[in-house]
Every structure is written in C-alpha cells, then in structure tokens.
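These notes concern the structure reproduced below.
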Amino acid sequence: MSLMSYPKAVLRRLRTRWTLWRAGPTVSAGRDLHLSARCRLWAPERLAFGNGVYVGKDVHIECNAEIGDHVLIANRVALVGRQDHDFRVCGVPMRFTPQISPTMAAMPASLDPETNVVRVGDDVWLGFGCIVLTGVKIGRGAIIAAGAVVAADVAPYDIVAGNPARPISRRFENAEVIAEHERRIRLGEFRLSERGDGHWIVRPGA
C-alpha cells in the first residue's frame, strides 16, 4: 500500500469532522462514518448516523433522519422533506410560504414526528441519485435502485425502483437465508478504514 494512503486517510477524516461540525448540533454520528466531498447535511431537529455508514459525493440530507448501521449511500442521493413548504397558504407567493429553516417558524404539519423523518434500517443501499421523502421507513437490508423516488415505506430486503418506487425483486430468496445473513452480521466484525478497502476488517460470524 502506498505511503500516500496515510495523508489521504487523515484528510478524509478531517473532511468528515469538518462537515459534521458545520452541520451543527442536530447531527450525530456513530463510529467509522465516511462523508465524501460536497455533502450537505442539515436537520431541523435530529439527523443520526449509525456505525460504519458510507455517504457518497454530492449527497444532500436536509430533513430529520435516522440512518442505521452499515448503510451505503451512493453519490447524489437526496433525503428531503415532503412538508418543507406550506403551499396551501392563501395569498402568499410560493417563495414566501412558511418553511422549515433555521430562521423561520416551522409550519404545524412539520412537527408530526411520523411524517417529518426518514428512517433507514441497517444494511441498506441507497442507489445513485435516488430521492427519499420524509415519512418513509426503509426496512433493514433493502436496496433502492438508482434514480428511484421513494414516497412510501419499503419492506425489509425489498429491491425497489422507479418513480414512485415499487418492489421489483427481493435481495434474498427466503427467510432462512435472511436469518443466516443477519446472524453472521451480528456475530461478525466489520470496520472501515479511510486508508482504503485493503485495510477494512470484514469478518462474518461463523
């Protein structure tokens, strides 16, 4: 491995820490979080990352969200609020309607904890350029295809695609395989390294 892997790893860790600091106190993270270049993170109340999460380039998360462990978020993914602007206000141009922001009072609908958060389970893959709206729960092990728009819940281990996203397949064939997959993850050891995948620890349980 090139000696350049060390300074690159330091710079990647600094970028992650800087992005988290800039995002403010509503954002928290577990261990081994990787934030790629030009990520935009903001939440009115809470954005929480689990352990071992990878976030690709140009990702925008601008809503409350709970993201589980070992989640892979590809480049240009967006998690956004479906209630960010109150478009039903009569007599107010769209540009000036009540919105969720650090400087304006949030509209009442935005305070509903069930519709104002994205919940992403463990071991999920959000594909390139997909969009996930608040009020959605993505179950453990699910895969969201590139470019999909997710406006409804996704069942565990479903593979969904399209606009709006609909199931097109399953990640594993049956419940026995899913149980074995989850058991081996639970008993295994998995650690990321900013030096590159040659330094990862990937040890599924026996």
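Labels for the structure tokens follow display order: chains A, B, ..., residues from 1 in each chain, ligands from 1.
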Considering only C-alpha atoms, return as a PDB file with C-alpha atoms, in the first residue's frame whatever protein or nucleic-acid residues lie within 12 Å of Asn51 (chain A), sequence-local ones (same chain, fewer than 4 positions apart) excluded.
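What landed in part20.pdb:
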```pdb
ATOM      1  CA  SER A  28     -24.699  12.992  15.318  1.00  0.00           C
ATOM      2  CA  ALA A  29     -22.707  10.002  14.120  1.00  0.00           C
ATOM      3  CA  GLY A  30     -21.513   6.581  15.221  1.00  0.00           C
ATOM      4  CA  ARG A  31     -18.019   5.247  14.541  1.00  0.00           C
ATOM      5  CA  ASP A  32     -16.446   4.884  11.096  1.00  0.00           C
ATOM      6  CA  LEU A  33     -18.676   7.398   9.343  1.00  0.00           C
ATOM      7  CA  HIS A  34     -17.342   8.437   5.914  1.00  0.00           C
ATOM      8  CA  VAL A  55     -22.037   8.701   2.303  1.00  0.00           C
ATOM      9  CA  GLU A  66     -32.328   8.111  11.420  1.00  0.00           C
ATOM     10  CA  ILE A  67     -29.789   6.077   9.440  1.00  0.00           C
ATOM     11  CA  GLY A  68     -28.828   2.616  10.678  1.00  0.00           C
ATOM     12  CA  ASP A  69     -25.562   0.710  10.746  1.00  0.00           C
ATOM     13  CA  HIS A  70     -23.552  -0.294   7.653  1.00  0.00           C
ATOM     14  CA  VAL A  71     -25.668   1.768   5.275  1.00  0.00           C
ATOM     15  CA  LEU A  72     -24.261   2.550   1.821  1.00  0.00           C
ATOM     16  CA  GLY A 121     -32.661   0.495   8.605  1.00  0.00           C
ATOM     17  CA  ASP A 122     -29.351  -1.317   8.925  1.00  0.00           C
ATOM     18  CA  ASP A 123     -27.578  -2.814   5.891  1.00  0.00           C
ATOM     19  CA  GLU A 189     -16.654  -7.868  12.943  1.00  0.00           C
ATOM     20  CA  PHE A 190     -16.798  -5.086  10.372  1.00  0.00           C
ATOM     21  CA  ARG A 191     -14.661  -1.946  10.433  1.00  0.00           C
ATOM     22  CA  LEU A 192     -13.948   0.634   7.761  1.00  0.00           C
TER      23      LEU A 192
END
```
When DSSP is applied to the backbone of this structure, which of chain A are assigned helix (DSSP H, G or I)? Write them out as a ChimeraX atom specification. /A:5-23,94-96,108-111,175-187,197-199
For those residues, write C-alpha atoms to a file as a compact mmCIF listing (two decimals), in the first residue's frame.
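Saved result, part19.txt, follows:
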```txt
# COMPACT_ATOMS: atom_id res chain seq x y z
CA SER A 5 -2.69 6.29 1.88
CA TYR A 6 -1.84 7.79 5.29
CA PRO A 7 -2.16 11.51 4.44
CA LYS A 8 -5.21 10.76 2.29
CA ALA A 9 -6.83 8.98 5.22
CA VAL A 10 -6.11 11.95 7.50
CA LEU A 11 -7.64 14.36 5.00
CA ARG A 12 -10.75 12.18 4.63
CA ARG A 13 -11.23 12.04 8.39
CA LEU A 14 -10.78 15.80 8.64
CA ARG A 15 -13.37 16.34 5.90
CA THR A 16 -15.88 14.16 7.76
CA ARG A 17 -15.28 16.01 11.02
CA TRP A 18 -15.49 19.40 9.34
CA THR A 19 -18.75 18.51 7.61
CA LEU A 20 -20.25 17.29 10.89
CA TRP A 21 -19.10 20.42 12.72
CA ARG A 22 -20.53 22.66 10.01
CA ALA A 23 -23.86 20.79 10.11
CA MET A 94 -44.71 30.20 -3.08
CA ARG A 95 -41.29 31.76 -2.47
CA PHE A 96 -42.56 33.31 0.80
CA PRO A 108 -47.54 23.00 12.21
CA ALA A 109 -47.58 19.93 9.91
CA SER A 110 -43.81 19.69 10.06
CA LEU A 111 -43.95 18.93 13.78
CA ALA A 175 -36.47 -16.26 5.39
CA GLU A 176 -33.82 -18.89 6.19
CA VAL A 177 -31.19 -17.07 4.13
CA ILE A 178 -32.17 -13.74 5.71
CA ALA A 179 -31.86 -15.22 9.21
CA GLU A 180 -28.40 -16.62 8.39
CA HIS A 181 -27.32 -13.29 6.86
CA GLU A 182 -28.39 -11.38 9.97
CA ARG A 183 -26.80 -13.95 12.30
CA ARG A 184 -23.43 -13.73 10.58
CA ILE A 185 -23.52 -9.94 10.68
CA ARG A 186 -24.49 -9.96 14.35
CA LEU A 187 -21.60 -12.30 15.26
CA ASP A 197 -10.73 -1.29 1.37
CA GLY A 198 -7.42 -3.16 1.68
CA HIS A 199 -7.46 -2.09 5.33
```
Which residues in region 51-185 of chain A does DSSP call strand (DSSP E or B)? List them as a VMD selection string. chain A and resid 54 to 55 60 to 62 64 to 67 72 to 73 78 to 80 85 99 117 to 120 125 to 126 131 to 133 137 to 138 143 to 144 149 to 150 154 158 to 161 166 to 170
Distance of CA of Lys57 (chain A) from CA of Arg195 (chain A), expressed in Å to one decimal place: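 Those two atoms sit 17.4 Å apart.
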For CA of Ala37 (chain A) and CA of Ile73 (chain A), determine how far apart the two atoms are, in Å to one decimal place.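 Interatomic distance, CA of Ala37 (chain A) to CA of Ile73 (chain A): 13.0 Å.
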Enter the distance from CA of Thr26 (chain A) to CA of Val80 (chain A), in Å, rounded to one decimal.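 About the pair CA of Thr26 (chain A) and CA of Val80 (chain A): they are 15.7 Å apart.
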I want to know what sits within 8 Å of region 169-171 of chain A, based on only C-alpha atoms, with residues of the same chain fewer than 4 positions away left out; could you give that as a PyMOL selection string? chain A and resi 141-143+157-160
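Considering the residues A:Val53, A:Asp86, A:Ile61, A:Gly135 and counting only C-alpha atoms, Arg38 (chain A) has its shortest atom-to-atom contact with A:Ile61.
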Pick from A:Trp125, A:Pro164, A:Phe172, A:Gln99: nearest to Tyr54 (chain A), with only C-alpha atoms counted?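 Nearest to Tyr54 (chain A): A:Trp125.
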Nearest to Leu133 (chain A), chosen from A:Pro25, A:Gly196, A:Pro44, A:Ala151, with only C-alpha atoms counted in the distances: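 Closest to Leu133 (chain A) of all the choices is A:Ala151.
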Nearest candidate to Val136 (chain A) (options A:Gly81, A:Gly91, A:Pro167, A:Pro98; using only C-alpha atoms): A:Gly81
Taking only C-alpha atoms into account, which of A:Arg40, A:Lys137, A:Ile131, A:Val202 comes nearest Ala165 (chain A)?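 Nearest candidate to Ala165 (chain A) out of A:Arg40, A:Lys137, A:Ile131, A:Val202: A:Ile131.
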